[in-house]
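*Asks:* The structure file my_file26.tsv (TSV, C-alpha atoms) is provided below.
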```tsv
chain	number	residue	atom	x	y	z
A	1	MET	CA	-77.38	28.39	-23.57
A	2	ALA	CA	-76.36	27.16	-20.21
A	3	PHE	CA	-78.57	27.60	-17.22
A	4	ILE	CA	-77.51	29.91	-14.51
A	5	PRO	CA	-76.99	27.93	-11.31
A	6	SER	CA	-79.91	28.49	-9.01
A	7	ARG	CA	-79.06	30.60	-6.03
A	8	ILE	CA	-81.80	29.10	-3.92
A	9	LYS	CA	-80.73	25.51	-4.48
A	10	LYS	CA	-77.16	26.37	-3.62
A	11	HIS	CA	-77.97	26.49	0.08
A	12	GLN	CA	-80.37	23.58	0.13
A	13	THR	CA	-78.87	20.71	2.01
A	14	SER	CA	-80.29	17.54	0.64
A	15	ALA	CA	-81.63	15.42	3.50
A	16	GLY	CA	-80.95	11.67	3.55
A	17	GLN	CA	-77.96	11.61	1.32
A	18	GLY	CA	-75.22	10.66	3.75
A	19	LYS	CA	-77.38	8.30	5.75
A	20	LEU	CA	-76.32	4.70	6.35
A	21	ASN	CA	-78.91	2.13	5.48
A	22	LEU	CA	-79.03	-0.28	8.39
A	23	ASN	CA	-81.97	-2.39	7.31
A	24	SER	CA	-80.08	-5.33	5.87
A	25	MET	CA	-77.68	-5.34	8.77
A	26	MET	CA	-80.57	-5.43	11.18
A	27	ASP	CA	-82.05	-8.38	9.32
A	28	MET	CA	-78.77	-10.22	9.56
A	29	PHE	CA	-78.39	-9.53	13.23
A	30	THR	CA	-81.90	-10.67	13.95
A	31	ILE	CA	-81.32	-13.96	12.17
A	32	ILE	CA	-78.03	-14.56	13.95
A	33	LEU	CA	-79.62	-13.70	17.26
A	34	LEU	CA	-82.48	-16.11	16.70
A	35	PHE	CA	-80.10	-18.88	15.65
A	36	LEU	CA	-77.96	-18.40	18.72
A	37	LEU	CA	-80.95	-18.28	21.00
A	38	LYS	CA	-82.13	-21.55	19.48
A	39	THR	CA	-78.84	-23.34	20.02
A	40	TYR	CA	-78.45	-21.85	23.45
A	41	SER	CA	-78.93	-24.40	26.15
A	42	THR	CA	-80.04	-23.27	29.53
A	43	GLU	CA	-78.08	-25.98	31.26
A	44	GLY	CA	-74.76	-24.56	30.34
A	45	GLN	CA	-71.74	-26.74	30.08
A	46	LEU	CA	-71.55	-29.15	32.94
A	47	ILE	CA	-68.48	-30.84	31.62
A	48	SER	CA	-65.83	-28.88	29.83
A	49	PRO	CA	-63.70	-31.19	27.77
A	50	SER	CA	-60.04	-31.05	28.49
A	51	GLN	CA	-57.65	-29.56	25.98
A	52	GLN	CA	-55.17	-32.40	26.13
A	53	LEU	CA	-57.32	-35.10	24.65
A	54	THR	CA	-59.83	-35.97	22.00
A	55	LEU	CA	-62.94	-37.66	23.23
A	56	PRO	CA	-64.38	-40.54	21.25
A	57	LYS	CA	-67.59	-40.13	19.28
A	58	SER	CA	-70.78	-41.94	20.03
A	59	ASN	CA	-74.41	-41.81	18.98
A	60	ILE	CA	-75.71	-41.74	22.53
A	61	GLU	CA	-78.35	-39.14	23.33
A	62	LYS	CA	-77.84	-38.92	27.05
A	63	PRO	CA	-76.89	-35.46	28.29
A	64	PRO	CA	-73.97	-35.10	30.65
A	65	GLU	CA	-74.24	-35.22	34.40
A	66	VAL	CA	-72.04	-33.83	37.06
A	67	GLY	CA	-69.59	-36.09	38.75
A	68	LEU	CA	-66.04	-36.21	39.93
A	69	ASP	CA	-63.89	-35.15	37.03
A	70	LEU	CA	-61.40	-37.81	35.98
A	71	ILE	CA	-59.31	-37.22	32.89
A	72	VAL	CA	-57.20	-39.88	31.27
A	73	SER	CA	-55.19	-38.09	28.64
A	74	LYS	CA	-52.46	-39.46	26.39
A	75	ARG	CA	-49.86	-39.14	29.14
A	76	ASN	CA	-51.43	-38.45	32.49
A	77	ILE	CA	-54.28	-39.24	34.81
A	78	ILE	CA	-55.83	-36.11	36.23
A	79	VAL	CA	-58.47	-35.84	38.94
A	80	ASN	CA	-60.14	-32.45	39.43
A	81	ASN	CA	-57.31	-30.72	37.57
A	82	GLU	CA	-54.66	-32.33	39.75
A	83	LEU	CA	-52.06	-34.56	38.23
A	84	VAL	CA	-52.31	-37.94	39.88
A	85	ALA	CA	-50.32	-40.45	37.91
A	86	ASN	CA	-48.32	-40.88	34.77
A	87	LEU	CA	-49.80	-43.20	32.21
A	88	ASP	CA	-46.42	-44.67	31.30
A	89	ASP	CA	-45.94	-45.81	34.89
A	90	VAL	CA	-49.34	-47.41	34.79
A	91	ARG	CA	-48.59	-49.21	31.55
A	92	ASN	CA	-45.23	-50.44	32.76
A	93	ASN	CA	-46.70	-51.65	36.06
A	94	LYS	CA	-44.21	-49.57	38.01
A	95	SER	CA	-44.13	-50.64	41.63
A	96	GLY	CA	-45.53	-47.99	43.95
A	97	VAL	CA	-47.93	-46.95	41.24
A	98	MET	CA	-49.54	-50.21	40.25
A	99	GLU	CA	-50.32	-52.64	43.00
A	100	ASN	CA	-52.71	-55.57	42.63
A	101	GLY	CA	-54.00	-54.10	39.41
A	102	ILE	CA	-54.93	-50.87	41.15
A	103	ILE	CA	-53.47	-47.49	40.34
A	104	GLN	CA	-52.40	-46.62	43.86
A	105	PRO	CA	-52.15	-42.78	43.69
A	106	LEU	CA	-55.48	-42.59	41.88
A	107	ALA	CA	-57.12	-44.80	44.48
A	108	GLU	CA	-55.83	-42.60	47.29
A	109	ARG	CA	-57.10	-39.49	45.57
A	110	LEU	CA	-60.50	-41.01	44.90
A	111	ARG	CA	-60.86	-42.20	48.48
A	112	PHE	CA	-59.96	-38.71	49.66
A	113	TYR	CA	-62.73	-37.21	47.54
A	114	ALA	CA	-65.14	-39.92	48.61
A	115	GLN	CA	-64.40	-39.13	52.25
A	116	LYS	CA	-64.95	-35.44	51.63
A	117	ALA	CA	-68.22	-36.14	49.85
A	118	LYS	CA	-69.38	-38.43	52.64
A	119	LYS	CA	-68.63	-35.72	55.17
A	120	MET	CA	-70.68	-33.35	53.06
A	121	GLU	CA	-73.49	-35.88	53.13
A	122	VAL	CA	-73.44	-35.98	56.93
A	123	ASP	CA	-73.09	-32.23	57.37
A	124	TYR	CA	-75.27	-30.81	54.64
A	125	GLY	CA	-77.28	-33.69	53.30
A	126	VAL	CA	-75.76	-33.69	49.83
A	127	LYS	CA	-76.18	-37.24	48.69
A	128	PHE	CA	-73.01	-39.06	47.76
A	129	SER	CA	-73.56	-41.42	44.88
A	130	GLY	CA	-70.00	-42.18	43.87
A	131	LYS	CA	-70.40	-40.69	40.43
A	132	VAL	CA	-67.28	-40.20	38.38
A	133	THR	CA	-67.10	-38.99	34.81
A	134	ILE	CA	-64.19	-40.40	32.87
A	135	GLN	CA	-62.84	-38.41	29.97
A	136	GLY	CA	-60.62	-40.75	28.07
A	137	ASP	CA	-58.51	-40.00	25.05
A	138	ILE	CA	-59.51	-41.64	21.80
A	139	ASP	CA	-56.21	-43.51	21.49
A	140	LEU	CA	-56.27	-45.19	24.86
A	141	GLN	CA	-56.06	-48.93	25.07
A	142	TYR	CA	-58.69	-51.11	26.61
A	143	SER	CA	-56.32	-52.27	29.34
A	144	ASP	CA	-55.67	-48.68	30.47
A	145	ILE	CA	-59.37	-47.93	30.74
A	146	MET	CA	-59.96	-51.18	32.54
A	147	LYS	CA	-57.27	-50.37	35.10
A	148	VAL	CA	-58.75	-46.93	35.70
A	149	MET	CA	-62.26	-48.31	35.99
A	150	ARG	CA	-61.17	-51.07	38.31
A	151	THR	CA	-59.49	-48.52	40.54
A	152	CYS	CA	-62.60	-46.35	40.54
A	153	GLY	CA	-64.81	-49.26	41.44
A	154	LEU	CA	-62.62	-50.27	44.34
A	155	SER	CA	-62.26	-46.69	45.62
A	156	ASP	CA	-65.87	-45.87	46.45
A	157	HIS	CA	-66.74	-44.57	43.00
A	158	PRO	CA	-68.73	-47.33	41.36
A	159	ASN	CA	-70.90	-45.01	39.25
A	160	MET	CA	-68.74	-44.55	36.20
A	161	ARG	CA	-69.68	-42.64	33.10
A	162	LEU	CA	-67.65	-42.25	29.96
A	163	VAL	CA	-67.69	-38.81	28.40
A	164	VAL	CA	-68.08	-38.79	24.61
A	165	TYR	CA	-68.88	-36.40	21.83
A	166	ARG	CA	-72.40	-36.80	20.57
A	167	LYS	CA	-72.80	-37.33	16.86
A	168	GLU	CA	-75.79	-35.55	15.41
B	1	MET	CA	-95.05	43.22	13.44
B	2	ALA	CA	-96.40	39.82	12.61
B	3	TYR	CA	-94.51	36.72	13.56
B	4	ARG	CA	-93.09	34.57	10.90
B	5	PRO	CA	-95.30	31.52	10.47
B	6	SER	CA	-93.91	28.50	12.26
B	7	PHE	CA	-92.08	25.93	10.19
B	8	ARG	CA	-93.59	23.08	12.10
B	9	ARG	CA	-97.02	23.91	10.89
B	10	THR	CA	-96.15	23.34	7.32
B	11	VAL	CA	-93.65	20.48	7.56
B	12	ASP	CA	-95.94	17.68	8.59
B	13	GLY	CA	-94.84	14.20	9.59
B	14	GLU	CA	-91.83	13.72	7.40
B	15	SER	CA	-91.25	9.97	7.25
B	16	SER	CA	-88.13	9.66	9.29
B	17	ASP	CA	-86.36	6.38	10.01
B	18	PRO	CA	-86.56	5.13	13.57
B	19	ASP	CA	-83.38	5.51	15.48
B	20	LEU	CA	-81.79	2.09	15.35
B	21	THR	CA	-78.75	2.87	17.46
B	22	PRO	CA	-80.00	1.35	20.76
B	23	ILE	CA	-81.07	-1.84	18.99
B	24	MET	CA	-77.70	-2.05	17.33
B	25	ASN	CA	-76.06	-1.64	20.71
B	26	LEU	CA	-78.16	-4.44	22.09
B	27	MET	CA	-77.29	-6.74	19.19
B	28	VAL	CA	-73.61	-6.01	19.48
B	29	VAL	CA	-73.69	-6.99	23.12
B	30	LEU	CA	-76.03	-9.97	22.81
B	31	ILE	CA	-74.39	-11.75	19.91
B	32	PRO	CA	-70.92	-12.12	21.44
B	33	LEU	CA	-72.52	-13.15	24.71
B	34	LEU	CA	-74.56	-15.90	23.12
B	35	LEU	CA	-71.71	-16.95	20.87
B	36	SER	CA	-69.42	-17.42	23.81
B	37	SER	CA	-71.91	-19.30	25.92
B	38	SER	CA	-73.41	-21.61	23.34
B	39	GLU	CA	-71.98	-25.06	22.93
B	40	PHE	CA	-71.52	-26.24	19.41
B	41	ILE	CA	-70.06	-29.60	20.26
B	42	LYS	CA	-72.55	-31.68	22.10
B	43	ILE	CA	-71.23	-33.83	24.87
B	44	GLY	CA	-72.87	-36.97	26.08
B	45	ILE	CA	-72.13	-39.65	28.59
B	46	LEU	CA	-72.15	-43.39	28.34
B	47	GLU	CA	-73.48	-44.93	31.45
B	48	LEU	CA	-71.70	-48.07	32.44
B	49	ASN	CA	-73.13	-51.00	34.22
B	50	LEU	CA	-70.82	-53.17	36.15
B	51	PRO	CA	-70.98	-56.78	35.13
B	52	PRO	CA	-73.36	-58.75	37.31
B	53	ALA	CA	-71.61	-60.50	40.12
B	54	ALA	CA	-71.22	-64.04	38.98
B	55	GLY	CA	-70.16	-66.90	41.07
B	56	PRO	CA	-71.42	-69.76	43.11
B	57	MET	CA	-72.40	-67.64	46.15
B	58	THR	CA	-76.05	-67.10	45.37
B	59	GLU	CA	-76.62	-70.58	44.14
B	60	GLU	CA	-75.16	-72.14	47.24
B	61	LEU	CA	-77.23	-70.04	49.59
B	62	GLY	CA	-80.60	-70.58	48.03
B	63	LYS	CA	-82.47	-73.81	48.03
B	64	PRO	CA	-81.84	-75.97	45.04
B	65	LYS	CA	-84.50	-74.73	42.73
B	66	GLU	CA	-85.01	-74.74	39.08
B	67	LYS	CA	-82.15	-72.92	37.58
B	68	ILE	CA	-83.18	-69.87	35.64
B	69	ARG	CA	-81.59	-69.98	32.30
B	70	THR	CA	-79.87	-66.79	31.42
B	71	LEU	CA	-78.58	-65.68	28.11
B	72	ASP	CA	-75.24	-64.23	29.28
B	73	LEU	CA	-74.64	-62.62	25.96
B	74	ALA	CA	-71.14	-61.34	25.49
B	75	VAL	CA	-69.22	-59.70	22.70
B	76	SER	CA	-65.49	-60.04	22.66
B	77	ILE	CA	-63.53	-57.63	20.55
B	78	ILE	CA	-60.48	-59.38	19.30
B	79	ASP	CA	-57.91	-58.30	16.80
B	80	ASP	CA	-59.60	-59.75	13.74
B	81	GLY	CA	-63.25	-59.27	14.56
B	82	PHE	CA	-66.01	-59.79	17.07
B	83	MET	CA	-66.85	-62.98	18.89
B	84	ILE	CA	-70.44	-63.27	20.02
B	85	THR	CA	-70.93	-65.79	22.77
B	86	SER	CA	-73.77	-66.74	25.04
B	87	SER	CA	-74.44	-69.36	27.64
B	88	LEU	CA	-75.80	-71.60	24.92
B	89	ALA	CA	-73.43	-71.31	22.06
B	90	VAL	CA	-70.68	-69.49	20.35
B	91	LEU	CA	-71.85	-67.77	17.23
B	92	GLN	CA	-69.87	-68.93	14.28
B	93	ASP	CA	-69.09	-66.90	11.25
B	94	LYS	CA	-71.16	-67.14	8.11
B	95	LYS	CA	-69.07	-69.95	6.71
B	96	GLY	CA	-69.47	-71.97	9.87
B	97	GLY	CA	-65.82	-72.28	10.55
B	98	GLU	CA	-63.58	-71.28	13.37
B	99	GLY	CA	-62.65	-67.70	13.84
B	100	PRO	CA	-64.53	-64.63	14.86
B	101	SER	CA	-68.31	-64.48	14.49
B	102	ILE	CA	-68.07	-61.22	12.64
B	103	PRO	CA	-64.75	-60.93	10.88
B	104	ASN	CA	-63.28	-57.60	10.00
B	105	LYS	CA	-64.03	-55.96	6.71
B	106	GLU	CA	-61.59	-56.39	3.92
B	107	ASP	CA	-59.80	-53.15	4.69
B	108	GLY	CA	-59.16	-54.34	8.23
B	109	SER	CA	-61.71	-52.16	9.96
B	110	TYR	CA	-64.28	-53.53	12.36
B	111	ASP	CA	-67.68	-54.34	10.95
B	112	PHE	CA	-69.94	-52.49	13.37
B	113	GLU	CA	-73.00	-52.67	11.11
B	114	GLY	CA	-72.55	-56.39	10.84
B	115	LEU	CA	-72.35	-56.66	14.60
B	116	SER	CA	-75.57	-54.67	15.02
B	117	GLN	CA	-77.27	-56.81	12.42
B	118	ARG	CA	-76.33	-60.10	14.06
B	119	LEU	CA	-77.27	-58.78	17.48
B	120	LEU	CA	-80.66	-57.77	16.07
B	121	GLU	CA	-81.19	-61.34	14.94
B	122	ILE	CA	-80.23	-62.60	18.38
B	123	LYS	CA	-82.45	-60.04	20.03
B	124	GLU	CA	-85.43	-61.16	18.01
B	125	LEU	CA	-84.78	-64.78	18.94
B	126	ALA	CA	-84.12	-64.15	22.59
B	127	GLU	CA	-86.70	-61.47	23.33
B	128	GLY	CA	-88.79	-62.49	26.31
B	129	LYS	CA	-87.25	-65.91	26.67
B	130	PHE	CA	-84.49	-64.90	29.02
B	131	PRO	CA	-84.52	-62.60	32.04
B	132	ASP	CA	-81.41	-60.83	30.86
B	133	SER	CA	-82.38	-60.19	27.28
B	134	ASP	CA	-81.53	-56.52	27.70
B	135	SER	CA	-77.98	-56.81	28.85
B	136	ILE	CA	-74.75	-57.55	27.14
B	137	VAL	CA	-71.19	-57.80	28.29
B	138	ILE	CA	-68.42	-56.39	26.21
B	139	GLN	CA	-64.87	-57.46	26.67
B	140	ALA	CA	-61.85	-56.71	24.59
B	141	ASN	CA	-58.26	-57.47	24.00
B	142	PRO	CA	-55.96	-55.21	26.02
B	143	LYS	CA	-54.72	-53.46	22.91
B	144	ILE	CA	-58.12	-52.52	21.57
B	145	ASN	CA	-58.59	-48.85	20.90
B	146	TYR	CA	-60.96	-46.80	23.05
B	147	GLN	CA	-62.91	-45.50	20.06
B	148	THR	CA	-63.45	-49.05	18.82
B	149	LEU	CA	-64.84	-49.94	22.21
B	150	VAL	CA	-67.22	-46.98	22.19
B	151	TYR	CA	-68.41	-47.81	18.66
B	152	SER	CA	-68.98	-51.41	19.70
B	153	MET	CA	-70.99	-50.25	22.68
B	154	ASP	CA	-73.05	-48.07	20.33
B	155	ALA	CA	-73.55	-51.00	17.99
B	156	ALA	CA	-74.68	-53.20	20.86
B	157	ARG	CA	-77.01	-50.63	22.34
B	158	SER	CA	-79.19	-49.78	19.39
B	159	ILE	CA	-79.60	-50.18	15.69
B	160	ARG	CA	-81.18	-47.94	13.09
B	161	VAL	CA	-83.71	-49.83	11.01
B	162	ASN	CA	-85.70	-47.88	8.43
B	163	ASN	CA	-84.73	-44.58	10.02
B	164	ARG	CA	-85.98	-45.67	13.40
B	165	THR	CA	-83.78	-46.46	16.32
B	166	LYS	CA	-84.43	-49.86	17.79
B	167	ALA	CA	-82.98	-50.77	21.13
B	168	LEU	CA	-80.95	-53.93	21.15
B	169	PHE	CA	-79.21	-54.50	24.45
B	170	PRO	CA	-79.24	-51.20	26.28
B	171	GLN	CA	-77.59	-52.45	29.43
B	172	VAL	CA	-74.02	-52.60	28.30
B	173	SER	CA	-71.44	-53.67	30.80
B	174	LEU	CA	-67.74	-53.95	30.42
B	175	SER	CA	-65.80	-56.88	31.57
B	176	ALA	CA	-62.18	-56.87	32.38
B	177	GLY	CA	-61.38	-60.39	31.50
B	178	ILE	CA	-58.11	-61.50	32.91
B	179	ILE	CA	-55.34	-58.98	33.06
```
Any chance you could put this one into structure tokens?
*Replies:*
Amino acid sequence: MAFIPSRIKKHQTSAGQGKLNLNSMMDMFTIILLFLLKTYSTEGQLISPSQQLTLPKSNIEKPPEVGLDLIVSKRNIIVNNELVANLDDVRNNKSGVMENGIIQPLAERLRFYAQKAKKMEVDYGVKFSGKVTIQGDIDLQYSDIMKVMRTCGLSDHPNMRLVVYRKE
Amino acid sequence: MAYRPSFRRTVDGESSDPDLTPIMNLMVVLIPLLLSSSEFIKIGILELNLPPAAGPMTEELGKPKEKIRTLDLAVSIIDDGFMITSSLAVLQDKKGGEGPSIPNKEDGSYDFEGLSQRLLEIKELAEGKFPDSDSIVIQANPKINYQTLVYSMDAARSIRVNNRTKALFPQVSLSAGII
């Protein structure tokens, strides 16, 4: 004989049936949060690598420093996001671009920034150290880098640093 | 008429879950924020030292005194290997013949470990005997690749022996040679 369905239980709403269990999700979030907090550096990114190039890898430990931003990509030379010279002209020793082994437009640009920085030093006491960070593409040739560095050295920016990816 | 007994008196402390919604909100905001601001690729810088100014200037000015012997160690990256030179000698390859001090590996790639190893030997010999036993000059052929240069600088700067990093010649300078 079948039971008669209980009339009392008919109106009982069972508590906790349609509830979402968030425990595992909370665990996951906590772990992710801790991981991200651990990898988070308070310094932030001082140098943002350019999109147009691949930096070389190195096992150096030294963290980046701020300096004048000089990018030598596969095609162009860029200072502070301004196109300065074409690398093909530099390679072909085009007159007006290359003179006495110096990349003329780059030298002008660097001297302009050096002058501005020196003015800042007089006005506000920000020390000018002639720092320049060079982001060079992995496929550059030694002669290109040498030309750029020579120009930097002769244009009031003797403190050169090469930007690389750190291998862990 | 008597009141109906209160429900709260009988239903005591039902174990209810804490309300996780605010924490979830916090997580949802914090995780994208941290994800966007964390750097996964570490960036470093190689500090360059300009080659020491050479030339007769300083010697002419000073009184003739005992000349300080310097090491003047230099590594030249050429197409088929590394040449290690100093003021005293040119390092020859293992067979003692002409050619690069550290020839390329058989597959044509540069032998950076070999370079580090030879420089370690030189470092052990030269340590303390010369005033410039920390510095090295690297020069290269014009066509040498940038990455090769950076690897060579790494190889000259330090070596890993038994899982410890030993400094070789930390003051790396680049030399232009003659363009």
*Asks:* Could you list, as a PyMOL selection string, every residue of chain A that has an atom within 6 Å of an atom of chain B, counting only C-alpha atoms?
*Replies:* chain A and resi 40+56+62-64+138-143+160-166
*Asks:* Just the residues within 10 Å of stretch 119-132 of chain B, please, counting only C-alpha atoms, with nothing from its chain fewer than 5 positions along; format it as a list of chain:residue names.
*Replies:*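 Using only C-alpha atoms, the neighbours found are B:Ile68, B:Arg69, B:Thr70, B:Leu71, B:Asp72, B:Leu73, B:Val75, B:Ile84, B:Leu91, B:Glu113, B:Gly114, B:Ala155, B:Ala156, B:Arg157, B:Ser158, B:Ile159, B:Val161, B:Lys166, B:Ala167, B:Leu168, B:Phe169, B:Gln171.
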*Asks:* Just the selected residues (C-alpha atoms), exported as a tab-separated table (two decimals), in the frame of the given file, please.
*Replies:*
```tsv
chain	number	residue	atom	x	y	z
B	68	ILE	CA	-83.18	-69.87	35.64
B	69	ARG	CA	-81.59	-69.98	32.30
B	70	THR	CA	-79.87	-66.79	31.42
B	71	LEU	CA	-78.58	-65.68	28.11
B	72	ASP	CA	-75.24	-64.23	29.28
B	73	LEU	CA	-74.64	-62.62	25.96
B	75	VAL	CA	-69.22	-59.70	22.70
B	84	ILE	CA	-70.44	-63.27	20.02
B	91	LEU	CA	-71.85	-67.77	17.23
B	113	GLU	CA	-73.00	-52.67	11.11
B	114	GLY	CA	-72.55	-56.39	10.84
B	155	ALA	CA	-73.55	-51.00	17.99
B	156	ALA	CA	-74.68	-53.20	20.86
B	157	ARG	CA	-77.01	-50.63	22.34
B	158	SER	CA	-79.19	-49.78	19.39
B	159	ILE	CA	-79.60	-50.18	15.69
B	161	VAL	CA	-83.71	-49.83	11.01
B	166	LYS	CA	-84.43	-49.86	17.79
B	167	ALA	CA	-82.98	-50.77	21.13
B	168	LEU	CA	-80.95	-53.93	21.15
B	169	PHE	CA	-79.21	-54.50	24.45
B	171	GLN	CA	-77.59	-52.45	29.43
```
*Asks:* Calculate how many Å separate atom CA of B:Pro100 from atom CA of B:Val137, rounding to one decimal.
*Replies:*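 Those two atoms sit 16.5 Å apart.
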*Asks:* Would you place a box with edges along x, y and z of the file around all atoms of stretch 126-141 of chain A listed there, add 5 Å to each of its six sides, and report the centre and edge lengths in Å to one decimal, as JSON?
*Replies:*
```
{"center_x": -66.1, "center_y": -41.3, "center_z": 35.7, "size_x": 30.1, "size_y": 25.2, "size_z": 38.3}
```
*Asks:* Would you compute the distance between atom CA of A:Val132 and atom CA of A:Gly153? Give it in Å to one decimal.
*Replies:*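 Between atom CA of A:Val132 and atom CA of A:Gly153 the gap is 9.9 Å.
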*Asks:* So how many Å separate atom CA of A:Val90 and atom CA of B:Gly81, to one decimal?
*Replies:*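 A separation of 27.3 Å between them.
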*Asks:* From the set B:Pro22, B:Pro103, B:Pro5, B:Gln117, which residue has the shortest atom-to-atom contact distance to B:Ile78, counting all atoms listed in the file?
*Replies:*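 Between B:Pro22, B:Pro103, B:Pro5, B:Gln117, the residue approaching B:Ile78 most closely is B:Pro103.
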